[in-house]
Amino acid sequence: MPPSSKPLAGVKVVDLTVLLPGPMCTLHLADMGADVIKVENPGAWDPVRGLPGSQFSNQFLMLNRNKRAITVNLRAADGQDILRRLVKAADVLVEGFRPGVADKLGVGYAAMSALNPRLVYCSISGYGQTGAMAQAGGHDINYECLAGVLEQTGVADGDPAPGGFPSADLTGGTLSAAMGILAALFDAQRSGRGRHVDVAMADCLMAHNIPAASSLQDRRSMPARGTDYLSGGMACYGVYATADHRHLAVGAIEIKFWNNFCETIGRPDLLKRGHLIGNEGVAARAEVARTIAAHDLGHWAALFKDVDACVTPVLRLDEANAHPHARSRGMVVESEHPMHGPYWQYAFPVKMTDFEFEVERQGASPGQDNDAVLSELDYAMAEIDGLRASGVI
């Protein structure tokens with residue numbers, strides 16, 4: 001398939017991010033054809049690479065395929081010169097420093113946009129470039145708290161329960177940043193002017209917290225944890241334990257699905273009670289729970305296999321990877337890294353006409369592409385050797 005079939009072919013991205021939100025964002029851009037150059041400090045690589053001295057972890061490889069990697073000491077004058085050359089030829093720069101750090105390093109938005117007015121400069125941070133908490137540290141659990149998400153997450157009469165899926169990092173950081181970058185990039189192609197895209201993970205998670213926000217307005221106060229429409233308050237939507245200590249998920253919100261569910265489990269008497277909340281809803285849930293607990297997960301999975309009721313077994317990750325649907329969609333990609341060995345990863349999830357996702361590059365060693373990238377920036381080999389000897393790269 002020709003390179004022009006990739007929707008972001010020809011777009012150059014400078015990636016100064018580490019850990020999860022930023023690298024996942026630039027992964028999406030790379031998978032769509034952008035030339036992403038990952039810039040790491042030669043003395044302190046991306047922590048996701050693993051323990052000190054380790055070059056690869058499975059998570060690093062899953063986040064950094066299809067990218068090139070260089071090492072640059074941004075605290076050195078010669079290192080800043082390398083970045084300036086990169087930026088002059090780039091379309092996008094993504095950074096994840098605490099607000100103000102990029103400016104101190106001489107690579108902030110004002111300095112970089114002066115070099116390249118069409119540059120789209122994206123800053124991903126916990127609380128944004130401005131605001132009362134702009135300088136505060138945080139991780140996903142903290143952003144979930146500030147957005148009002150964690151307080152509502154968990155079962156009735158239980159404690160708030162942070163999950164294994166970092167929603168603020170990924171929906172708030174990764175996906176919101178990618179959306180902002182692509183919108184600004186589209187406009188820059190028309191106007192010739194880039195923008196500073198300020199992505200605060202707490203803001204973005206809050207903006208997506210619509211179900212809870214609507215409940216607050218409807219009721220004038222938040223319902224207790226585990227009792228709202230989508231968190232356990234209705235019998236038609238929730239998770240039920242089976243006889244073998246597995247779980248069955250029921251998402252039968254629409255009446256037609258709930259009708260099919262009740263008929264299938266032999267409880268037509270529950271038809272009028274599935275969408276009630278409060279004490280009546282709790283009682284209906286208890287009756288559904290007793291019915292589901294009478295058989296193991298295999299029984300229910302087989303029974304609902306061809307029933308249109310929005311009922312699914314709660315799969316472990318290994319089961320999800322092996323599921324016929326995921327396999328038929330090509331979501332699990334078996335890979336072999338020349339240094340790390342075999343591992344699996346997920347495909348780019350968005351399907352498009354005239355575009356076929358592929359792993360063209362495995363995750364790179366630190367500085368693996370120093371010579372190639374610097375040569376493209378018109379550094380002579382003697383200069384590159386000098387930069388390496390002085391610890392700049």
# chains A, B, ... in the order shown; residues from 1 in each chain; ligands from 1

call {"tool": "closest_atom_pairs", "arguments": {"of": "region 209-317 of chain A", "to": "region 131-154 of chain A", "cutoff": "8 Å", "atoms": "only C-alpha atoms", "output": "JSON lines"}}
result
{"residue": "A:Asn209", "atom": "CA", "partner": "A:Val149", "partner_atom": "CA", "distance": 7.1}
{"residue": "A:Ala224", "atom": "CA", "partner": "A:Gln152", "partner_atom": "CA", "distance": 7.7}
{"residue": "A:Arg225", "atom": "CA", "partner": "A:Gln152", "partner_atom": "CA", "distance": 5.1}
{"residue": "A:Gly226", "atom": "CA", "partner": "A:Gly154", "partner_atom": "CA", "distance": 6.0}
{"residue": "A:Ser231", "atom": "CA", "partner": "A:Thr153", "partner_atom": "CA", "distance": 7.7}

call {"tool": "residues_around", "arguments": {"residues": "region 16-24 of chain A", "least_positions_apart": "3", "cutoff": "9 Å", "atoms": "only C-alpha atoms", "output": "PyMOL selection string"}}
result
chain A and resi 27-29+37-40+45-49+60+62-64+93-97+124+168-175+177

call {"tool": "residues_around", "arguments": {"residues": "Gly128 (chain A)", "least_positions_apart": "2", "cutoff": "8 Å", "atoms": "only C-alpha atoms", "output": "list of chain:residue names"}}
result
A:Pro99, A:Ile124, A:Ser125, A:Gly126, A:Thr130, A:Gly131, A:Ala134, A:Asp198, A:Val199, A:Ala200, A:Met201, A:Asp203

call {"tool": "write_last_selection", "arguments": {"atoms": "C-alpha atoms", "output": "JSON list (two decimals), in the first residue's frame"}}
result
[["chain", "number", "residue", "atom", "x", "y", "z"],
["A", 99, "PRO", "CA", 3.68, 23.98, 33.45],
["A", 124, "ILE", "CA", -0.49, 17.65, 28.34],
["A", 125, "SER", "CA", -0.66, 18.19, 32.09],
["A", 126, "GLY", "CA", -2.78, 17.19, 35.05],
["A", 130, "THR", "CA", -3.32, 28.03, 34.16],
["A", 131, "GLY", "CA", -5.60, 27.81, 37.18],
["A", 134, "ALA", "CA", -1.60, 24.35, 37.65],
["A", 198, "ASP", "CA", -3.57, 23.15, 26.46],
["A", 199, "VAL", "CA", -4.83, 19.72, 27.62],
["A", 200, "ALA", "CA", -5.63, 19.33, 31.32],
["A", 201, "MET", "CA", -6.47, 15.72, 32.14],
["A", 203, "ASP", "CA", -10.68, 19.16, 32.75]]

call {"tool": "residues_around", "arguments": {"residues": "Val11 (chain A)", "least_positions_apart": "2", "cutoff": "7 Å", "atoms": "only C-alpha atoms", "output": "mmCIF file with N, CA and C atoms, in the first residue's frame"}}
result
data_model
loop_
_atom_site.group_PDB
_atom_site.id
_atom_site.type_symbol
_atom_site.label_atom_id
_atom_site.label_comp_id
_atom_site.auth_asym_id
_atom_site.auth_seq_id
_atom_site.Cartn_x
_atom_site.Cartn_y
_atom_site.Cartn_z
ATOM 1 N N LEU A 8 -1.934 10.594 7.867
ATOM 2 C CA LEU A 8 -1.011 11.605 8.398
ATOM 3 C C LEU A 8 0.374 11.513 7.758
ATOM 4 N N ALA A 9 0.451 10.883 6.587
ATOM 5 C CA ALA A 9 1.740 10.815 5.886
ATOM 6 C C ALA A 9 2.255 12.223 5.619
ATOM 7 N N VAL A 13 6.224 14.966 13.800
ATOM 8 C CA VAL A 13 5.869 15.187 15.197
ATOM 9 C C VAL A 13 7.106 15.034 16.074
ATOM 10 N N ALA A 34 2.185 9.524 10.728
ATOM 11 C CA ALA A 34 3.065 10.636 11.064
ATOM 12 C C ALA A 34 4.471 10.138 11.383
ATOM 13 N N ASP A 35 5.463 10.941 11.049
ATOM 14 C CA ASP A 35 6.851 10.645 11.406
ATOM 15 C C ASP A 35 7.075 11.194 12.805
ATOM 16 N N ASP A 91 5.640 19.734 12.264
ATOM 17 C CA ASP A 91 4.263 20.217 12.242
ATOM 18 C C ASP A 91 3.663 20.252 13.641
#

call {"tool": "closest_residue", "arguments": {"among": "A:Arg98, A:Ala235, A:Cys310, A:Leu387", "to": "Tyr127 (chain A)", "atoms": "only C-alpha atoms"}}
result
A:Arg98

call {"tool": "residues_around", "arguments": {"residues": "region 258-270 of chain A", "least_positions_apart": "2", "cutoff": "8 Å", "atoms": "only C-alpha atoms", "output": "ChimeraX atom specification"}}
result
/A:236,252-256,272-274,284,291,303-304,307-309,311

call {"tool": "residues_around", "arguments": {"residues": "region 317-325 of chain A", "least_positions_apart": "4", "cutoff": "10 Å", "atoms": "only C-alpha atoms", "output": "list in words"}}
result
Arg329, Gly330, Met331, Val332, Val333, Trp344, Gln345 and Tyr346 of chain A

call {"tool": "write_last_selection", "arguments": {"atoms": "C-alpha atoms", "output": "tab-separated table (two decimals), in the first residue's frame"}}
result
chain	number	residue	atom	x	y	z
A	329	ARG	CA	-11.20	-7.29	13.88
A	330	GLY	CA	-7.45	-7.89	13.90
A	331	MET	CA	-7.04	-6.20	17.28
A	332	VAL	CA	-4.35	-8.50	18.70
A	333	VAL	CA	-1.02	-8.39	16.89
A	344	TRP	CA	1.72	-9.09	21.67
A	345	GLN	CA	0.22	-5.68	21.21
A	346	TYR	CA	-3.03	-4.06	20.11
